[in-house]
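One structure is given below, encoded as structure tokens.
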Amino acid sequence: MGIGEVVLPPLYERPPRPLAMARWLATTFLWWQNGLWIVVGAAAWLWLTPPLDRFASPAAWAVVLVYLRNVVLMVVIVGGLHWWLYVRRSQGTQHKYDERWLSVGRRPFLFRNQTRDNVFWSLASACAVAALYESSMLWLYANDLLPTVPVRGSLGTLAYAAALTLAMFPLVSVHFYANHRLLHTPRLYRWAHSLHHRNVNIGPWSGVSMHPLEHLLYLSAPLMFLLIPANPYLVTLTLTYLLLSPAPSHSGFDRYLVAGGRTVAGGDRFHTLHHRYFDCNYGTTLVPMDKWFGTWHDGSDEARAAFTDRRRRLAARNAGRRRADRSARQT
Ligand SMILES: [Zn+2]
Ligand SMILES: [Zn+2]
């Protein structure tokens, strides 16, 4: 199947349709992926992270434990999805955007194997950079250097934590658009982001298969809690979300077959188009900054034609510039 067309959430319709928005929130936004990331993030904070006071003085073992927790979460969730779709091939190529399977024996990938390359960058770099950010933020919280809003303080603080949990998603979207746009500047693209774009045909492990410099930018989103009063739980939630949510979005399958022939939402058409066409869709549909800044590609034939046309014009302009430079040098 092709990638199909991108649908904008009803949040941006004018006049507003509150009922459609509420239905979208419950049935699309929270169910099932974001709901799962909230549950995993809360569980990771409650049961899989050393207690906050252990971060009060810098301790390598606490960082190592957070790193190992990240590795285990990725192996179970990202590895599980990869195994289900690409090793067991449980649904064949049904709902798959690209008929081809992942690359084996091709040079741009480490070990000449796309999956091994992607697993390497995810476990060796993403999990480590995330553990360093998390431990540093938890050190600040443990030393009372950041204002903490207790989750279980009162009904008000509980409501605040719940609102901030939901607000994390659009805030991370804006951060993602900004750092992704930056990574597409020629120098940063060459040094760092090209590693992620080796993956044109993508799989679950491609999600955070990035250069360490890109990890430093991409995983820096929880630094927003230096400014926004929050709770250390939100740091763990944000980082586990950043590590895990790209797995389904890069899975290469639009929908997953579940029991009884039913399907649930799978890959992210919008970001899959970014991997295919490269100079569009830098952000997400949740906060459609691409629409506001003119790089929105919804997968339609018209959008494809407009992008081809834009590329042709850019190539002609660059060729003209090069010719002018050459003749200026010769005179
Ligand atoms: Zn990119
Ligand atoms: Zn990507």
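To be explicit about the labels: the chains of the structure tokens are called A, B, and onward in the order shown, and within each one the residues are counted from 1, while ligands get numbers from 1 in the order they are shown.
Contacts with ligand 2 are defined as any residue atom within 9 Å of a ligand atom, using only C-alpha atoms and all ligand atoms; the residues meeting this criterion are His196, His197, Asn199, Val200, Ile202, Ser206, Gly207, Val208, Ser209, Met210, Pro246, Ser249, His250, His271, Thr272, His274 and His275 of chain A.
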Please produce a file of those selected residues containing C-alpha atoms, as a PDB file, in the first residue's frame.
```pdb
ATOM      1  CA  HIS A 196      18.961   8.886  10.836  1.00  0.00           C
ATOM      2  CA  HIS A 197      18.068   9.490   7.165  1.00  0.00           C
ATOM      3  CA  ASN A 199      16.679   4.868   6.869  1.00  0.00           C
ATOM      4  CA  VAL A 200      14.355   5.599   3.952  1.00  0.00           C
ATOM      5  CA  ILE A 202      11.950   2.463   8.161  1.00  0.00           C
ATOM      6  CA  SER A 206      14.984   3.268  13.159  1.00  0.00           C
ATOM      7  CA  GLY A 207      13.045   5.579  15.529  1.00  0.00           C
ATOM      8  CA  VAL A 208      15.937   6.758  17.691  1.00  0.00           C
ATOM      9  CA  SER A 209      18.745   5.465  15.484  1.00  0.00           C
ATOM     10  CA  MET A 210      20.549   8.804  15.503  1.00  0.00           C
ATOM     11  CA  PRO A 246       9.289   6.561  17.717  1.00  0.00           C
ATOM     12  CA  SER A 249       5.775   5.829  14.415  1.00  0.00           C
ATOM     13  CA  HIS A 250       8.731   4.410  12.424  1.00  0.00           C
ATOM     14  CA  HIS A 271       6.807  11.279   9.603  1.00  0.00           C
ATOM     15  CA  THR A 272       7.049   8.369   7.134  1.00  0.00           C
ATOM     16  CA  HIS A 274       9.465  12.945   5.907  1.00  0.00           C
ATOM     17  CA  HIS A 275      11.710   9.895   5.508  1.00  0.00           C
TER      18      HIS A 275
END
```
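Counting only C-alpha atoms, Val104 (chain A) has the following residues at most 10 Å away, ignoring those fewer than 4 positions along the same chain: Phe109, Phe111, Arg112, Asn113, Gln114, Thr115 and Arg116 of chain A.
Rounded to one decimal, CA of Ser220 (chain A) and CA of Tyr133 (chain A) lie 7.2 Å from each other.
Based on only C-alpha atoms and all ligand atoms, the protein and nucleic acid residues found within 9 Å of ligand 1 are, by chain and then by number, His180, Arg181, Leu183, His184, Tyr189, His193, Ser194, His196, His197, His271, His274, His275, Phe278, Asp279, Cys280, Asn281 and Tyr282 of chain A.
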File of the preceding selection, N, CA and C atoms, as a compact mmCIF listing (two decimals), in the first residue's frame:
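Contents of part-v8.txt, as written:
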```
# COMPACT_ATOMS: atom_id res chain seq x y z
N HIS A 180 14.64 19.54 14.93
CA HIS A 180 14.69 18.80 13.67
C HIS A 180 14.98 19.76 12.50
N ARG A 181 14.39 20.93 12.58
CA ARG A 181 14.62 21.95 11.55
C ARG A 181 16.10 22.35 11.53
N LEU A 183 18.55 20.51 12.56
CA LEU A 183 19.35 19.37 12.07
C LEU A 183 19.35 19.26 10.56
N HIS A 184 18.39 19.95 9.91
CA HIS A 184 18.37 19.92 8.44
C HIS A 184 19.16 21.07 7.83
N TYR A 189 23.25 18.56 9.15
CA TYR A 189 22.73 17.39 8.44
C TYR A 189 23.88 16.45 8.09
N HIS A 193 22.56 14.38 11.27
CA HIS A 193 21.21 13.88 10.98
C HIS A 193 21.16 12.91 9.81
N SER A 194 22.19 12.96 8.94
CA SER A 194 22.19 12.03 7.79
C SER A 194 22.17 10.58 8.26
N HIS A 196 20.37 9.30 10.67
CA HIS A 196 18.96 8.89 10.84
C HIS A 196 18.31 8.70 9.46
N HIS A 197 18.70 9.54 8.49
CA HIS A 197 18.07 9.49 7.17
C HIS A 197 18.62 8.40 6.25
N HIS A 271 5.35 11.38 9.48
CA HIS A 271 6.81 11.28 9.60
C HIS A 271 7.38 10.30 8.57
N HIS A 274 8.21 12.21 5.73
CA HIS A 274 9.46 12.94 5.91
C HIS A 274 10.65 12.07 5.49
N HIS A 275 10.61 10.80 5.89
CA HIS A 275 11.71 9.89 5.51
C HIS A 275 11.74 9.66 4.00
N PHE A 278 11.92 13.92 2.61
CA PHE A 278 13.06 14.59 3.21
C PHE A 278 12.89 16.08 3.54
N ASP A 279 12.37 16.92 2.62
CA ASP A 279 12.33 18.36 2.90
C ASP A 279 10.91 18.83 3.25
N CYS A 280 10.22 18.02 4.00
CA CYS A 280 8.86 18.37 4.43
C CYS A 280 8.60 17.69 5.78
N ASN A 281 7.52 18.09 6.44
CA ASN A 281 7.05 17.40 7.65
C ASN A 281 8.15 17.23 8.71
N TYR A 282 8.68 18.37 9.16
CA TYR A 282 9.73 18.32 10.18
C TYR A 282 9.14 18.09 11.57
```
A:Leu237, A:Leu314, A:Val87, A:Ala328 ranked by distance to Leu166 (chain A), top pick (using only C-alpha atoms) | A:Leu237
Name all residues at most 12 Å from region 41-52 of chain A (count only C-alpha atoms; drop same-chain ones fewer than 3 positions away) and give them as JSON, numbers by chain.
-> {"A": [34, 35, 36, 37, 38, 55, 56, 57, 58, 59, 61, 62, 63, 64, 65, 66, 67, 68, 69, 70, 71, 72, 73, 131, 134, 135, 136, 137, 138, 139, 140, 141, 142, 143, 144, 151, 161, 162, 165, 231, 232, 233, 234, 235, 236, 237, 238, 239, 240, 241, 242, 243, 244, 245]}
Emit the selected residues as a tab-separated table (two decimals), in the first residue's frame, including C-alpha atoms.
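Okay, this is what ended up in result.tsv:
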```tsv
chain	number	residue	atom	x	y	z
A	34	ASN	CA	0.01	7.99	24.13
A	35	GLY	CA	-2.04	6.21	26.83
A	36	LEU	CA	0.56	3.43	26.82
A	37	TRP	CA	3.47	5.90	27.07
A	38	ILE	CA	1.85	7.55	30.10
A	55	PHE	CA	20.42	11.14	43.01
A	56	ALA	CA	21.30	13.82	45.61
A	57	SER	CA	25.03	13.29	45.18
A	58	PRO	CA	26.38	12.35	41.75
A	59	ALA	CA	26.59	8.55	41.69
A	61	TRP	CA	25.70	3.49	39.71
A	62	ALA	CA	22.40	5.46	39.66
A	63	VAL	CA	23.14	6.61	36.09
A	64	VAL	CA	24.03	3.02	35.12
A	65	LEU	CA	20.74	1.75	36.61
A	66	VAL	CA	18.74	4.33	34.63
A	67	TYR	CA	20.70	3.36	31.51
A	68	LEU	CA	19.98	-0.35	32.06
A	69	ARG	CA	16.30	0.44	32.67
A	70	ASN	CA	16.22	2.27	29.31
A	71	VAL	CA	17.89	-0.68	27.59
A	72	VAL	CA	15.41	-3.16	29.08
A	73	LEU	CA	12.42	-0.97	28.10
A	131	ALA	CA	20.16	8.40	31.29
A	134	GLU	CA	17.46	12.11	33.51
A	135	SER	CA	20.10	11.74	36.25
A	136	SER	CA	21.13	15.40	35.92
A	137	MET	CA	17.53	16.61	36.19
A	138	LEU	CA	16.87	14.27	39.13
A	139	TRP	CA	20.03	15.60	40.83
A	140	LEU	CA	18.56	19.11	40.57
A	141	TYR	CA	15.23	17.94	42.04
A	142	ALA	CA	16.92	15.91	44.81
A	143	ASN	CA	18.87	19.01	45.88
A	144	ASP	CA	15.77	21.24	45.85
A	151	VAL	CA	1.55	14.86	42.50
A	161	ALA	CA	0.31	17.13	37.21
A	162	ALA	CA	-2.39	15.59	34.99
A	165	THR	CA	1.23	15.21	31.56
A	231	ASN	CA	7.56	16.95	39.22
A	232	PRO	CA	10.52	14.59	38.64
A	233	TYR	CA	8.01	12.00	37.39
A	234	LEU	CA	7.54	14.17	34.29
A	235	VAL	CA	11.26	13.96	33.46
A	236	THR	CA	11.11	10.16	33.44
A	237	LEU	CA	7.84	10.25	31.49
A	238	THR	CA	9.22	12.65	28.85
A	239	LEU	CA	12.42	10.67	28.33
A	240	THR	CA	10.77	7.25	28.15
A	241	TYR	CA	8.25	8.77	25.70
A	242	LEU	CA	11.10	10.15	23.56
A	243	LEU	CA	12.85	6.78	23.55
A	244	LEU	CA	9.84	4.54	22.93
A	245	SER	CA	7.19	6.40	20.93
```
Distance CA of Thr185 (chain A)-CA of Glu214 (chain A), one decimal place?
-> 12.6 Å
For His297 (chain A): contacts at 9 Å, only C-alpha atoms, fewer than 6 positions along chain excluded, given as a PyMOL selection string | chain A and resi 6+270+273-274+277+280-281+290-291+303-304+307
Using the chain letters and numbers from this document, which residues of region 128-161 of chain A does DSSP assign to helix (DSSP H, G or I), as a ChimeraX atom specification?
-> /A:128-142,155-161
Here CA of Arg310 (chain A) and CA of Thr284 (chain A) stand apart by 21.4 Å
Quick one: everything within 8 Å of region 76-79 of chain A, counting only C-alpha atoms, minus sequence neighbours fewer than 2 positions away in the same chain. Send it as a VMD selection string.
-> chain A and resid 72 to 74 81 to 83 204 to 205 244 247
Excluding region 11-17 of chain A and any residue of its chain fewer than 6 positions from it, enumerate the residues within 12 Å of it, using only C-alpha atoms, and give them as a PyMOL selection string.
-> chain A and resi 23-25+29+170+285-289+291-292
Keeping only C-alpha atoms, write the selected residues as a PDB file, in the first residue's frame.
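Dumped everything to out.pdb:
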```
ATOM      1  CA  ARG A  23     -13.846  12.130  20.823  1.00  0.00           C
ATOM      2  CA  TRP A  24     -10.451  12.563  19.129  1.00  0.00           C
ATOM      3  CA  LEU A  25      -8.756  13.000  22.536  1.00  0.00           C
ATOM      4  CA  PHE A  29      -4.832  10.852  21.034  1.00  0.00           C
ATOM      5  CA  PRO A 170       2.459  19.326  22.355  1.00  0.00           C
ATOM      6  CA  THR A 285       0.398  16.758  13.166  1.00  0.00           C
ATOM      7  CA  LEU A 286      -0.399  17.444  16.829  1.00  0.00           C
ATOM      8  CA  VAL A 287       1.142  20.928  16.536  1.00  0.00           C
ATOM      9  CA  PRO A 288       1.146  21.429  12.740  1.00  0.00           C
ATOM     10  CA  MET A 289       4.043  23.875  12.526  1.00  0.00           C
ATOM     11  CA  LYS A 291       1.383  23.870   7.932  1.00  0.00           C
ATOM     12  CA  TRP A 292       2.127  27.280   9.410  1.00  0.00           C
TER      13      TRP A 292
END
```
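Assigned to strand (DSSP E) in region 182-286 of chain A, given DSSP computed from backbone atoms, are Arg255, Tyr256, Leu257, Thr263, Val264 and Ala265 of chain A.
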